[in-house]
Every structure is written in C-alpha cells, then in structure tokens.
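Coordinates as given in coords-v2.txt (compact mmCIF, N, CA, C and O atoms):
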```txt
# COMPACT_ATOMS: atom_id res chain seq x y z
N MET M 27 2.09 3.51 -0.65
CA MET M 27 1.90 4.78 0.00
C MET M 27 2.91 4.88 1.13
O MET M 27 3.01 4.02 1.98
N ASN M 28 3.67 5.96 1.11
CA ASN M 28 4.68 6.15 2.14
C ASN M 28 4.11 7.05 3.23
O ASN M 28 4.39 8.23 3.30
N GLY M 29 3.28 6.53 4.09
CA GLY M 29 2.58 7.31 5.10
C GLY M 29 1.20 7.70 4.59
O GLY M 29 0.84 7.41 3.45
N PHE M 30 0.45 8.36 5.44
CA PHE M 30 -0.92 8.74 5.10
C PHE M 30 -1.07 10.25 5.18
O PHE M 30 -0.51 10.88 6.08
N ASP M 31 -1.83 10.82 4.28
CA ASP M 31 -2.20 12.23 4.33
C ASP M 31 -3.47 12.30 5.17
O ASP M 31 -4.58 12.31 4.64
N TRP M 32 -3.32 12.33 6.50
CA TRP M 32 -4.47 12.24 7.40
C TRP M 32 -5.48 13.36 7.20
O TRP M 32 -6.69 13.08 7.22
N PRO M 33 -5.06 14.62 7.01
CA PRO M 33 -6.07 15.66 6.77
C PRO M 33 -6.94 15.38 5.54
O PRO M 33 -8.16 15.53 5.58
N ALA M 34 -6.31 14.93 4.46
CA ALA M 34 -7.07 14.62 3.24
C ALA M 34 -7.99 13.41 3.47
O ALA M 34 -9.15 13.41 3.03
N LEU M 35 -7.47 12.39 4.15
CA LEU M 35 -8.29 11.21 4.42
C LEU M 35 -9.46 11.54 5.35
O LEU M 35 -10.56 11.04 5.16
N LEU M 36 -9.21 12.43 6.32
CA LEU M 36 -10.27 12.84 7.23
C LEU M 36 -11.37 13.58 6.47
O LEU M 36 -12.56 13.33 6.66
N ARG M 37 -10.97 14.49 5.56
CA ARG M 37 -11.95 15.19 4.73
C ARG M 37 -12.76 14.21 3.90
O ARG M 37 -13.99 14.32 3.80
N LEU M 38 -12.09 13.24 3.28
CA LEU M 38 -12.80 12.24 2.49
C LEU M 38 -13.76 11.42 3.34
O LEU M 38 -14.88 11.12 2.92
N GLY M 39 -13.31 11.05 4.53
CA GLY M 39 -14.15 10.25 5.41
C GLY M 39 -15.37 11.00 5.90
O GLY M 39 -16.49 10.49 5.86
N LEU M 40 -15.15 12.25 6.34
CA LEU M 40 -16.25 13.03 6.90
C LEU M 40 -17.15 13.60 5.81
O LEU M 40 -18.38 13.50 5.90
N ASN M 41 -16.56 14.21 4.81
CA ASN M 41 -17.36 14.85 3.75
C ASN M 41 -17.80 13.87 2.68
O ASN M 41 -18.95 13.88 2.26
N GLY M 42 -16.88 13.03 2.22
CA GLY M 42 -17.19 12.11 1.13
C GLY M 42 -18.02 10.91 1.54
O GLY M 42 -18.94 10.51 0.83
N LEU M 43 -17.70 10.35 2.69
CA LEU M 43 -18.40 9.15 3.14
C LEU M 43 -19.46 9.44 4.19
O LEU M 43 -20.24 8.56 4.54
N GLY M 44 -19.47 10.67 4.70
CA GLY M 44 -20.47 11.02 5.71
C GLY M 44 -20.25 10.38 7.06
O GLY M 44 -21.19 10.20 7.84
N LEU M 45 -19.02 10.02 7.37
CA LEU M 45 -18.71 9.41 8.65
C LEU M 45 -18.66 10.46 9.75
O LEU M 45 -18.32 11.62 9.51
N LYS M 46 -18.96 10.05 10.96
CA LYS M 46 -18.75 10.87 12.14
C LYS M 46 -17.29 10.71 12.55
O LYS M 46 -16.68 9.67 12.25
N PRO M 47 -16.70 11.71 13.21
CA PRO M 47 -15.29 11.59 13.60
C PRO M 47 -14.97 10.28 14.34
O PRO M 47 -13.96 9.63 14.03
N ALA M 48 -15.80 9.88 15.28
CA ALA M 48 -15.54 8.65 16.02
C ALA M 48 -15.56 7.43 15.09
O ALA M 48 -14.77 6.49 15.26
N GLU M 49 -16.44 7.44 14.10
CA GLU M 49 -16.51 6.33 13.14
C GLU M 49 -15.25 6.30 12.27
O GLU M 49 -14.69 5.23 12.01
N PHE M 50 -14.80 7.50 11.86
CA PHE M 50 -13.58 7.58 11.05
C PHE M 50 -12.39 7.01 11.82
O PHE M 50 -11.66 6.16 11.31
N TRP M 51 -12.19 7.48 13.07
CA TRP M 51 -11.03 7.06 13.83
C TRP M 51 -11.11 5.61 14.31
O TRP M 51 -10.10 5.01 14.67
N ALA M 52 -12.29 5.01 14.27
CA ALA M 52 -12.43 3.61 14.64
C ALA M 52 -12.03 2.66 13.50
O ALA M 52 -11.80 1.48 13.73
N LEU M 53 -11.93 3.20 12.29
CA LEU M 53 -11.56 2.38 11.13
C LEU M 53 -10.07 2.11 11.09
O LEU M 53 -9.26 2.95 11.52
N THR M 54 -9.69 0.97 10.56
CA THR M 54 -8.29 0.73 10.24
C THR M 54 -8.01 1.41 8.91
O THR M 54 -8.93 1.66 8.12
N PRO M 55 -6.74 1.71 8.60
CA PRO M 55 -6.44 2.29 7.29
C PRO M 55 -6.93 1.40 6.14
O PRO M 55 -7.42 1.91 5.13
N ALA M 56 -6.83 0.08 6.30
CA ALA M 56 -7.29 -0.83 5.24
C ALA M 56 -8.80 -0.71 5.03
O ALA M 56 -9.28 -0.71 3.89
N GLU M 57 -9.55 -0.60 6.13
CA GLU M 57 -11.01 -0.46 6.01
C GLU M 57 -11.36 0.86 5.32
O GLU M 57 -12.24 0.91 4.46
N LEU M 58 -10.67 1.93 5.71
CA LEU M 58 -10.93 3.23 5.10
C LEU M 58 -10.63 3.21 3.61
O LEU M 58 -11.42 3.69 2.80
N MET M 59 -9.51 2.64 3.24
CA MET M 59 -9.15 2.59 1.81
C MET M 59 -10.15 1.76 1.03
O MET M 59 -10.50 2.11 -0.10
N LEU M 60 -10.64 0.69 1.62
CA LEU M 60 -11.65 -0.13 0.97
C LEU M 60 -12.93 0.68 0.77
O LEU M 60 -13.53 0.65 -0.31
N MET M 61 -13.34 1.43 1.77
CA MET M 61 -14.54 2.25 1.67
C MET M 61 -14.38 3.34 0.61
O MET M 61 -15.36 3.75 -0.02
N LEU M 62 -13.15 3.80 0.42
CA LEU M 62 -12.88 4.84 -0.58
C LEU M 62 -12.67 4.27 -1.98
O LEU M 62 -12.41 5.01 -2.92
N GLY M 63 -12.76 2.94 -2.10
CA GLY M 63 -12.62 2.32 -3.41
C GLY M 63 -11.19 2.02 -3.80
O GLY M 63 -10.90 1.72 -4.95
N GLN M 64 -10.29 2.08 -2.82
CA GLN M 64 -8.89 1.76 -3.08
C GLN M 64 -8.64 0.30 -2.77
O GLN M 64 -9.37 -0.33 -2.02
N GLU M 65 -7.58 -0.22 -3.29
CA GLU M 65 -7.22 -1.61 -3.02
C GLU M 65 -6.55 -1.76 -1.66
O GLU M 65 -6.29 -2.86 -1.22
N GLY M 66 -6.20 -0.65 -1.01
CA GLY M 66 -5.59 -0.79 0.32
C GLY M 66 -4.17 -1.29 0.25
O GLY M 66 -3.70 -1.81 1.24
N GLY M 67 -3.46 -1.08 -0.93
CA GLY M 67 -2.12 -1.50 -1.01
C GLY M 67 -1.88 -2.92 -1.29
O GLY M 67 -0.81 -3.48 -1.13
N ALA M 68 -3.00 -3.67 -1.68
CA ALA M 68 -2.87 -5.08 -2.02
C ALA M 68 -1.89 -5.23 -3.18
O ALA M 68 -1.92 -4.46 -4.13
N VAL M 69 -1.04 -6.18 -3.08
CA VAL M 69 -0.04 -6.43 -4.11
C VAL M 69 -0.37 -7.76 -4.79
O VAL M 69 -0.64 -8.75 -4.11
N ALA M 70 -0.34 -7.74 -6.11
CA ALA M 70 -0.59 -8.97 -6.86
C ALA M 70 0.54 -9.97 -6.59
O ALA M 70 1.68 -9.58 -6.36
N PRO M 71 0.24 -11.26 -6.63
CA PRO M 71 1.29 -12.26 -6.44
C PRO M 71 2.34 -12.16 -7.55
O PRO M 71 2.05 -11.68 -8.65
N LEU M 72 3.53 -12.59 -7.24
CA LEU M 72 4.61 -12.56 -8.20
C LEU M 72 4.33 -13.54 -9.33
O LEU M 72 4.14 -14.74 -9.10
N SER M 73 4.30 -13.02 -10.56
CA SER M 73 4.04 -13.87 -11.71
C SER M 73 5.35 -14.45 -12.24
O SER M 73 6.44 -13.98 -11.92
N ARG M 74 5.23 -15.46 -13.08
CA ARG M 74 6.42 -16.07 -13.69
C ARG M 74 7.17 -15.04 -14.54
O ARG M 74 8.40 -14.95 -14.50
N ALA M 75 6.42 -14.20 -15.27
CA ALA M 75 7.05 -13.17 -16.11
C ALA M 75 7.81 -12.16 -15.26
O ALA M 75 8.94 -11.77 -15.59
N ARG M 76 7.21 -11.75 -14.15
CA ARG M 76 7.89 -10.77 -13.28
C ARG M 76 9.11 -11.40 -12.62
O ARG M 76 10.15 -10.74 -12.48
N LEU M 77 9.04 -12.66 -12.26
CA LEU M 77 10.19 -13.36 -11.70
C LEU M 77 11.32 -13.40 -12.72
O LEU M 77 12.48 -13.16 -12.39
N SER M 78 11.00 -13.66 -13.98
CA SER M 78 12.01 -13.68 -15.04
C SER M 78 12.65 -12.31 -15.21
O SER M 78 13.86 -12.19 -15.41
N GLU M 79 11.83 -11.25 -15.14
CA GLU M 79 12.35 -9.89 -15.24
C GLU M 79 13.33 -9.60 -14.10
O GLU M 79 14.41 -9.04 -14.32
N LEU M 80 12.94 -9.99 -12.89
CA LEU M 80 13.82 -9.76 -11.75
C LEU M 80 15.10 -10.58 -11.84
O LEU M 80 16.18 -10.09 -11.51
N ALA M 81 14.99 -11.81 -12.29
CA ALA M 81 16.18 -12.67 -12.44
C ALA M 81 17.14 -12.08 -13.48
O ALA M 81 18.35 -12.14 -13.31
N ALA M 82 16.59 -11.50 -14.55
CA ALA M 82 17.45 -10.88 -15.57
C ALA M 82 18.10 -9.60 -15.04
O ALA M 82 19.27 -9.31 -15.32
N ALA M 83 17.36 -8.85 -14.26
CA ALA M 83 17.88 -7.59 -13.72
C ALA M 83 18.89 -7.81 -12.59
O ALA M 83 19.81 -7.01 -12.41
N PHE M 84 18.71 -8.89 -11.83
CA PHE M 84 19.57 -9.18 -10.69
C PHE M 84 20.05 -10.62 -10.75
O PHE M 84 19.65 -11.46 -9.94
N PRO M 85 20.94 -10.92 -11.70
CA PRO M 85 21.38 -12.32 -11.87
C PRO M 85 22.22 -12.79 -10.67
O PRO M 85 22.89 -12.00 -10.01
N ASP M 86 22.15 -14.09 -10.43
CA ASP M 86 23.00 -14.69 -9.40
C ASP M 86 24.44 -14.60 -9.89
O ASP M 86 24.72 -14.85 -11.07
N VAL M 87 25.32 -14.26 -8.99
CA VAL M 87 26.72 -14.11 -9.35
C VAL M 87 27.53 -15.04 -8.45
O VAL M 87 27.35 -15.02 -7.23
N THR M 88 28.40 -15.83 -9.06
CA THR M 88 29.29 -16.69 -8.31
C THR M 88 30.50 -15.89 -7.90
O THR M 88 31.14 -15.24 -8.74
N LYS M 89 30.79 -15.91 -6.61
CA LYS M 89 31.94 -15.16 -6.12
C LYS M 89 33.23 -15.81 -6.58
O LYS M 89 33.37 -17.02 -6.55
N GLY M 90 34.14 -14.96 -7.00
CA GLY M 90 35.46 -15.45 -7.38
C GLY M 90 36.37 -15.53 -6.17
O GLY M 90 36.00 -15.16 -5.05
N THR M 91 37.56 -15.99 -6.36
CA THR M 91 38.48 -16.17 -5.26
C THR M 91 38.93 -14.82 -4.69
O THR M 91 39.32 -14.74 -3.54
N GLY M 92 38.88 -13.75 -5.46
CA GLY M 92 39.32 -12.44 -4.98
C GLY M 92 38.22 -11.61 -4.37
O GLY M 92 38.43 -10.46 -4.01
N ASP M 93 36.99 -12.16 -4.25
CA ASP M 93 35.86 -11.39 -3.76
C ASP M 93 35.74 -11.38 -2.23
O ASP M 93 34.91 -10.69 -1.69
N GLY M 94 36.54 -12.16 -1.56
CA GLY M 94 36.51 -12.18 -0.11
C GLY M 94 35.40 -12.96 0.42
O GLY M 94 34.92 -12.99 1.44
```

This entry written out as structure tokens:
Amino acid sequence: MNGFDWPALLRLGLNGLGLKPAEFWALTPAELMLMLGQEGGAVAPLSRARLSELAAAFPDVTKGTGDG
C-alpha cells in the first residue's frame, strides 16, 4: 500500500467496526488492518524458488576491463 486512504479507513473503523473516533485514532495502522481482516502488509519470507527467479532475472555480471 502506497499510503493510506484515511477517509475510507475512518469509515470502515467507525461504521464497520463500531469504533469511537478516539479509539480509531489510538490504533496503529497495523492494528487497524488486523481488525479489518488484512494481513497488514506482512510479506512472506523469500523462498528458494523466488530466489532462483530473481537470480535468473538479475544475474551477477562480471565487469570487464572497459566498464570502469
């Protein structure tokens, strides 16, 4: 998520979760996302398969003498 849609999150917190404004603003974004059933941006650990994909996409390159 590149930033938060605060008006939408406030509506979800107040209307969807029944929070009072002070309760909403006391939450961290991670706590709010957890209450809304989101993972809160948790990222799975890098798997061996994903590492292989990245290595194939971005191979190590040995610099030549003309590369500076």

Report the distance between atom CA of M:Thr54 and atom CA of M:Ala70 in Å, rounded to one decimal place. 21.1 Å

Point-to-point distance in Å for atom CA of M:Thr88 and atom CA of M:Pro71: 28.4 Å

Distance of atom C of M:Phe30 from atom C of M:Ala56, expressed in Å to one decimal place: 13.4 Å

DSSP says alpha helix (DSSP H) for which residues of stretch 27-93 of chain M? Put them as number ranges by chain? M: 32-37, 47-52, 55-61, 74-83

As a ChimeraX atom specification, please: the residues near stretch 32-35 of chain M (cut-off 10 Å, only C-alpha atoms, same-chain neighbours under 6 positions excluded). /M:41-42,50,55,58-59,62
